Amino acid sequence: MDATTETGSTAGQEQHDGFPVSASSLLSERRLHTLKQGDMFGVFDQTGDVLWGPGIADGLYFHDTRYLSGLTTTLMGARPILLSATVRENNVMLSVDMTNTNVTQADGEKLDHDLLHVRRSRFLWNKTCYERLEVRNFDVVRREAVLELGFAADFADLFEARGSVRKRRGTLREPEIHADRVLLSYDGLDNRRRTTMLRFSPEPESLTASKASFRFSLAPGERILVHYEIECDPAPDQPHSPGREFLFAAVEARRALRLSSSRAAAIATSNEIFNEAIRRCVCDIYMLLTDKPTGPYPYAGVPWFSTAFGRDALITAMQTLWLDPAISRGVLNYLALHQADREDPVADAEPGKILHEVRHGEMAELGEVPFRHYYGSVDSTPLFVMLAGEYLERTGDVALMSRLWPNIERAIEWIDRYGDRDGDGFVEYGRRNSEGLINQGWKDSYDSVFHADGTLAEGPIALCEVQGYVYGARRAAALIGRRLGRTTYADRLDAQAESLKIAFNLKFWDDALGTYAMALDGHKKPCLVRSSNVGHLLLTDIALPERVPSVVRTLMDRSSFSGWGIRTIPQGEARYNPMAYHNGSVWPHDNALIGLGFARQGYLEEASRVFHGLFDAAFYTDLRRLPELFCGFGRNRAEGPVRYPVACSPQAWAAAALPALVQATLGLSFDPDTMTVHFRKPRLPPFLDSMTLYNLAVGGESVTVRLVRVDDEVAINVVERTALIRVQITS
């Protein structure tokens, strides 16, 4: 993908230029629970514990370092039996119910199972993991309850936890043990000290560097509470009450998420299962947002890409622009701030290039991985300009465009000077760092670009969709330039876009294939392979109108459309493998962008079919949450899609897929100059009879509308609106 930056090609063993993500290392058969807030995320087993040992990457992470590598809970000397566990719909709280197993106590007395109940409640807030454990006695006699928490912190770098082997590590310091707290610290080779503090309330009966033990006597029906906190890099210790802090922090965490998500338009429909899925989408999007000084920024995904990625954030922002323009504003501001200003081959940086990825861990700081501030993506730069143009059309925010104009000019200059390596008019990529990404489009597996016989393409490589993005970027920069009075510059960009369109259609189209080639290799030989890449061309108008029908037919052919979505590579191609990361799988964000392209080109029925397939996939997935990707096997009756074992979930651009398809099928757009909400040939997919959109905002005004299916048409009723906003329907 992109946020998979460091992953590879097969379900069993992801491969990415020396930075593997092993399916076995993630113990993919287990059900894992994830939480994320700000720059902290946690990966827990089904009971909420953190298992440790060879090949296990669970833990509590902060700034790409594992601050907690082990957490075990025992009741009466044994692990409790899991009853149920879930992450609440708003993504704030993990709730787990457990009970005791059969136990023979030290005095020989037996305790039957299901007499002691344990309820654990956990959330993250401000680089701290808060937990409350409630133990209740449901026996008819008094019981002694012994609760023990084992813990460990290895301070492994995220890449190390995922399987990279380091020649040297820093030093674990001697633990500091107090009556109610333990400090575990590590001095890194980057001269940084990282510290994990665990605080407990009440004070444990005994506390060591690796275990807290509690003993209680519980009358029938009586309960006790144990609170503890796991804080990363704590400030000097101050008077503190974990129980009191739990309540205050829980309120703040819920309030912050509710406040940020209140900006978004809300969606309610006649289908309750779809309502669950779309609520999960919105909650995931706002959980993945991290507040930066430049505004909200969507981190790519949990667990392994919980950081700032350029491409992922730009596409997520495009998908959610109709829903909440503040996300796009935050993304544009952050990426402009981090735009490359000099050549740096190690980071694949060139002046004007837009960021690919940021990492904060020890290995990145030391240069053991090249991703500290890494610019190895060929499409982030044109996508940045495209998003700027779409944001202006959505909001009319000329002031922001004025501030970003120097960044937009530098991005266009990068396209001309560095992106087009050989002066043929196309933008190519080829890594400048031998440890960087070989392939630098969104399909960044080592084997994702190939010829019809399966031979891997040699670079520099010009991807078809990147030429579409460059075309869109030139048109967007021209649009912005005219609004800012730079008409000569805008005219030049429009002329360059038209020249690119002509050259692209001459070089990339293949009559026998019936669609555009996936790419040109370093010898300008086309990769005559059908792929989902070409679907992104429909987002702009680079494809000739007479060729669009053939492109659409190819994408919706049975070899390509699995029933759940469009495969990255269709059946029949040399490297097709439904279990491969980029060579036959189905990616929700990829399908959403294709659906938006279908709608733009007037193929609403095809957009609706894609929408239907992805919604059906969400029906079968845990929490109604679309993962990063799933396998590309064909759909079978009464069976869900085949899971991809190391897919990130939640993933920002996957979470934004269903909202984007709502926009696509409704033909929804906005005109800030006239404060008008437009619906162009709106339709509802077959699984929806009605839909209400709340708080559609434009130009400081808002409207709520209800859409109802009437035969093959859609009737729209304005439920509520402010004085100046208008709604227009185009058939």
# chains A, B, ... in the order shown; residues from 1 in each chain; ligands from 1
>>> select_by_dssp(residues="range 414-651 of chain A", states="alpha helix (DSSP H)", output="ChimeraX atom specification")
/A:414,464-483,487-508,548-556,588-600,604-620
>>> residues_around(residues="Arg721 in chain A", least_positions_apart="5", cutoff="12 Å", atoms="only C-alpha atoms", output="PDB file with N, CA and C atoms, in the first residue's frame")
ATOM      1  N   MET A 675     -22.775  28.780  -2.012  1.00  0.00           N
ATOM      2  CA  MET A 675     -23.236  28.027  -0.833  1.00  0.00           C
ATOM      3  C   MET A 675     -24.307  27.016  -1.230  1.00  0.00           C
ATOM      4  N   THR A 676     -23.919  26.177  -2.221  1.00  0.00           N
ATOM      5  CA  THR A 676     -24.841  25.184  -2.766  1.00  0.00           C
ATOM      6  C   THR A 676     -24.274  23.781  -2.588  1.00  0.00           C
ATOM      7  N   VAL A 677     -25.146  22.873  -2.181  1.00  0.00           N
ATOM      8  CA  VAL A 677     -24.820  21.445  -2.136  1.00  0.00           C
ATOM      9  C   VAL A 677     -25.442  20.810  -3.378  1.00  0.00           C
ATOM     10  N   LEU A 693     -28.486  12.659   5.581  1.00  0.00           N
ATOM     11  CA  LEU A 693     -27.176  13.282   5.781  1.00  0.00           C
ATOM     12  C   LEU A 693     -27.371  14.522   6.650  1.00  0.00           C
ATOM     13  N   TYR A 694     -26.751  14.512   7.814  1.00  0.00           N
ATOM     14  CA  TYR A 694     -26.871  15.620   8.759  1.00  0.00           C
ATOM     15  C   TYR A 694     -25.655  16.537   8.661  1.00  0.00           C
ATOM     16  N   ASN A 695     -25.916  17.825   8.747  1.00  0.00           N
ATOM     17  CA  ASN A 695     -24.845  18.809   8.896  1.00  0.00           C
ATOM     18  C   ASN A 695     -23.899  18.843   7.695  1.00  0.00           C
ATOM     19  N   LEU A 696     -24.457  18.818   6.491  1.00  0.00           N
ATOM     20  CA  LEU A 696     -23.646  19.087   5.311  1.00  0.00           C
ATOM     21  C   LEU A 696     -23.324  20.578   5.314  1.00  0.00           C
ATOM     22  N   ALA A 697     -22.048  20.910   5.404  1.00  0.00           N
ATOM     23  CA  ALA A 697     -21.666  22.308   5.625  1.00  0.00           C
ATOM     24  C   ALA A 697     -20.896  22.849   4.431  1.00  0.00           C
ATOM     25  N   VAL A 698     -21.199  24.090   4.074  1.00  0.00           N
ATOM     26  CA  VAL A 698     -20.467  24.800   3.034  1.00  0.00           C
ATOM     27  C   VAL A 698     -20.632  26.294   3.263  1.00  0.00           C
ATOM     28  N   GLY A 700     -19.945  28.203   5.683  1.00  0.00           N
ATOM     29  CA  GLY A 700     -20.456  28.609   6.980  1.00  0.00           C
ATOM     30  C   GLY A 700     -21.934  28.304   7.191  1.00  0.00           C
ATOM     31  N   GLU A 701     -22.571  27.694   6.221  1.00  0.00           N
ATOM     32  CA  GLU A 701     -23.977  27.314   6.323  1.00  0.00           C
ATOM     33  C   GLU A 701     -24.074  25.787   6.367  1.00  0.00           C
ATOM     34  N   SER A 702     -25.237  25.260   6.751  1.00  0.00           N
ATOM     35  CA  SER A 702     -25.384  23.809   6.828  1.00  0.00           C
ATOM     36  C   SER A 702     -26.802  23.394   6.487  1.00  0.00           C
ATOM     37  N   VAL A 703     -26.933  22.119   6.088  1.00  0.00           N
ATOM     38  CA  VAL A 703     -28.230  21.585   5.706  1.00  0.00           C
ATOM     39  C   VAL A 703     -28.275  20.102   6.063  1.00  0.00           C
ATOM     40  N   THR A 704     -29.471  19.626   6.403  1.00  0.00           N
ATOM     41  CA  THR A 704     -29.731  18.210   6.607  1.00  0.00           C
ATOM     42  C   THR A 704     -30.733  17.765   5.550  1.00  0.00           C
ATOM     43  N   VAL A 705     -30.413  16.684   4.830  1.00  0.00           N
ATOM     44  CA  VAL A 705     -31.288  16.218   3.755  1.00  0.00           C
ATOM     45  C   VAL A 705     -31.598  14.739   3.939  1.00  0.00           C
ATOM     46  N   ARG A 706     -32.758  14.360   3.463  1.00  0.00           N
ATOM     47  CA  ARG A 706     -33.171  12.947   3.481  1.00  0.00           C
ATOM     48  C   ARG A 706     -33.370  12.492   2.043  1.00  0.00           C
ATOM     49  N   ARG A 726     -28.205  26.355  -0.258  1.00  0.00           N
ATOM     50  CA  ARG A 726     -29.100  25.835  -1.290  1.00  0.00           C
ATOM     51  C   ARG A 726     -28.760  24.377  -1.574  1.00  0.00           C
ATOM     52  N   VAL A 727     -29.757  23.630  -2.057  1.00  0.00           N
ATOM     53  CA  VAL A 727     -29.564  22.249  -2.487  1.00  0.00           C
ATOM     54  C   VAL A 727     -30.010  22.155  -3.937  1.00  0.00           C
TER      55      VAL A 727
END
>>> residues_around(residues="range 708-712 of chain A", least_positions_apart="6", cutoff="9 Å", atoms="only C-alpha atoms", output="VMD selection string")
chain A and resid 683 to 684 688 to 692
>>> write_last_selection(atoms="C-alpha atoms", output="PDB file, in the first residue's frame")
ATOM      1  CA  ARG A 683     -28.688   6.933  -6.501  1.00  0.00           C
ATOM      2  CA  LEU A 684     -28.874   4.677  -3.492  1.00  0.00           C
ATOM      3  CA  LEU A 688     -30.357   1.216   1.186  1.00  0.00           C
ATOM      4  CA  ASP A 689     -33.937   2.447   0.852  1.00  0.00           C
ATOM      5  CA  SER A 690     -33.254   5.802   2.469  1.00  0.00           C
ATOM      6  CA  MET A 691     -30.412   7.902   3.823  1.00  0.00           C
ATOM      7  CA  THR A 692     -30.253  11.062   5.915  1.00  0.00           C
TER       8      THR A 692
END
>>> closest_residue(among="A:Cys527, A:Val146, A:Val719, A:Ala264", to="Ala326 in chain A", atoms="only C-alpha atoms")
A:Ala264
>>> select_by_dssp(residues="range 469-698 of chain A", states="strand (DSSP E)", output="VMD selection string")
chain A and resid 509 to 510 515 to 516 519 to 520 526 to 527 668 to 671 676 to 680 690 to 698
>>> write_last_selection(atoms="N, CA and C atoms", output="PDB file, in the first residue's frame")
ATOM      1  N   TRP A 509      -1.624   3.407 -23.798  1.00  0.00           N
ATOM      2  CA  TRP A 509      -2.782   2.627 -24.226  1.00  0.00           C
ATOM      3  C   TRP A 509      -2.361   1.420 -25.066  1.00  0.00           C
ATOM      4  N   ASP A 510      -3.078   0.290 -24.871  1.00  0.00           N
ATOM      5  CA  ASP A 510      -2.827  -0.893 -25.679  1.00  0.00           C
ATOM      6  C   ASP A 510      -4.157  -1.467 -26.137  1.00  0.00           C
ATOM      7  N   THR A 515      -7.001  -1.740 -22.328  1.00  0.00           N
ATOM      8  CA  THR A 515      -6.858  -0.785 -21.231  1.00  0.00           C
ATOM      9  C   THR A 515      -5.452  -0.206 -21.279  1.00  0.00           C
ATOM     10  N   TYR A 516      -5.107   0.585 -20.283  1.00  0.00           N
ATOM     11  CA  TYR A 516      -3.787   1.197 -20.228  1.00  0.00           C
ATOM     12  C   TYR A 516      -2.788   0.252 -19.562  1.00  0.00           C
ATOM     13  N   ALA A 519       2.509   0.328 -16.365  1.00  0.00           N
ATOM     14  CA  ALA A 519       3.674   1.191 -16.199  1.00  0.00           C
ATOM     15  C   ALA A 519       4.551   1.115 -17.434  1.00  0.00           C
ATOM     16  N   LEU A 520       5.529   2.009 -17.483  1.00  0.00           N
ATOM     17  CA  LEU A 520       6.644   1.911 -18.420  1.00  0.00           C
ATOM     18  C   LEU A 520       7.889   1.609 -17.600  1.00  0.00           C
ATOM     19  N   PRO A 526       6.351  -0.876 -22.208  1.00  0.00           N
ATOM     20  CA  PRO A 526       5.141  -0.914 -21.377  1.00  0.00           C
ATOM     21  C   PRO A 526       4.964  -2.257 -20.672  1.00  0.00           C
ATOM     22  N   CYS A 527       4.513  -2.205 -19.419  1.00  0.00           N
ATOM     23  CA  CYS A 527       4.135  -3.402 -18.671  1.00  0.00           C
ATOM     24  C   CYS A 527       2.690  -3.705 -19.032  1.00  0.00           C
ATOM     25  N   LEU A 668     -22.213  13.769  -4.938  1.00  0.00           N
ATOM     26  CA  LEU A 668     -22.237  14.895  -3.996  1.00  0.00           C
ATOM     27  C   LEU A 668     -21.051  15.824  -4.219  1.00  0.00           C
ATOM     28  N   SER A 669     -21.320  17.127  -4.346  1.00  0.00           N
ATOM     29  CA  SER A 669     -20.263  18.135  -4.460  1.00  0.00           C
ATOM     30  C   SER A 669     -20.770  19.438  -3.850  1.00  0.00           C
ATOM     31  N   PHE A 670     -19.865  20.399  -3.715  1.00  0.00           N
ATOM     32  CA  PHE A 670     -20.181  21.644  -3.011  1.00  0.00           C
ATOM     33  C   PHE A 670     -19.668  22.839  -3.803  1.00  0.00           C
ATOM     34  N   ASP A 671     -20.413  23.929  -3.764  1.00  0.00           N
ATOM     35  CA  ASP A 671     -19.987  25.184  -4.371  1.00  0.00           C
ATOM     36  C   ASP A 671     -19.974  26.253  -3.284  1.00  0.00           C
ATOM     37  N   THR A 676     -23.919  26.177  -2.221  1.00  0.00           N
ATOM     38  CA  THR A 676     -24.841  25.184  -2.766  1.00  0.00           C
ATOM     39  C   THR A 676     -24.274  23.781  -2.588  1.00  0.00           C
ATOM     40  N   VAL A 677     -25.146  22.873  -2.181  1.00  0.00           N
ATOM     41  CA  VAL A 677     -24.820  21.445  -2.136  1.00  0.00           C
ATOM     42  C   VAL A 677     -25.442  20.810  -3.378  1.00  0.00           C
ATOM     43  N   HIS A 678     -24.604  20.164  -4.185  1.00  0.00           N
ATOM     44  CA  HIS A 678     -25.069  19.576  -5.437  1.00  0.00           C
ATOM     45  C   HIS A 678     -25.171  18.058  -5.326  1.00  0.00           C
ATOM     46  N   PHE A 679     -26.238  17.491  -5.886  1.00  0.00           N
ATOM     47  CA  PHE A 679     -26.390  16.049  -6.057  1.00  0.00           C
ATOM     48  C   PHE A 679     -26.545  15.784  -7.551  1.00  0.00           C
ATOM     49  N   ARG A 680     -25.553  15.115  -8.135  1.00  0.00           N
ATOM     50  CA  ARG A 680     -25.577  14.849  -9.572  1.00  0.00           C
ATOM     51  C   ARG A 680     -25.971  13.393  -9.811  1.00  0.00           C
ATOM     52  N   SER A 690     -33.276   4.372   2.156  1.00  0.00           N
ATOM     53  CA  SER A 690     -33.254   5.802   2.469  1.00  0.00           C
ATOM     54  C   SER A 690     -31.964   6.138   3.202  1.00  0.00           C
ATOM     55  N   MET A 691     -31.608   7.413   3.157  1.00  0.00           N
ATOM     56  CA  MET A 691     -30.412   7.902   3.823  1.00  0.00           C
ATOM     57  C   MET A 691     -30.645   9.347   4.235  1.00  0.00           C
ATOM     58  N   THR A 692     -30.209   9.679   5.447  1.00  0.00           N
ATOM     59  CA  THR A 692     -30.253  11.062   5.915  1.00  0.00           C
ATOM     60  C   THR A 692     -28.831  11.529   6.168  1.00  0.00           C
ATOM     61  N   LEU A 693     -28.486  12.659   5.581  1.00  0.00           N
ATOM     62  CA  LEU A 693     -27.176  13.282   5.781  1.00  0.00           C
ATOM     63  C   LEU A 693     -27.371  14.522   6.650  1.00  0.00           C
ATOM     64  N   TYR A 694     -26.751  14.512   7.814  1.00  0.00           N
ATOM     65  CA  TYR A 694     -26.871  15.620   8.759  1.00  0.00           C
ATOM     66  C   TYR A 694     -25.655  16.537   8.661  1.00  0.00           C
ATOM     67  N   ASN A 695     -25.916  17.825   8.747  1.00  0.00           N
ATOM     68  CA  ASN A 695     -24.845  18.809   8.896  1.00  0.00           C
ATOM     69  C   ASN A 695     -23.899  18.843   7.695  1.00  0.00           C
ATOM     70  N   LEU A 696     -24.457  18.818   6.491  1.00  0.00           N
ATOM     71  CA  LEU A 696     -23.646  19.087   5.311  1.00  0.00           C
ATOM     72  C   LEU A 696     -23.324  20.578   5.314  1.00  0.00           C
ATOM     73  N   ALA A 697     -22.048  20.910   5.404  1.00  0.00           N
ATOM     74  CA  ALA A 697     -21.666  22.308   5.625  1.00  0.00           C
ATOM     75  C   ALA A 697     -20.896  22.849   4.431  1.00  0.00           C
ATOM     76  N   VAL A 698     -21.199  24.090   4.074  1.00  0.00           N
ATOM     77  CA  VAL A 698     -20.467  24.800   3.034  1.00  0.00           C
ATOM     78  C   VAL A 698     -20.632  26.294   3.263  1.00  0.00           C
TER      79      VAL A 698
END
>>> closest_residue(among="A:Leu528, A:Ala580, A:Ala654, A:Leu506", to="Gly454 in chain A", atoms="only C-alpha atoms")
A:Leu528
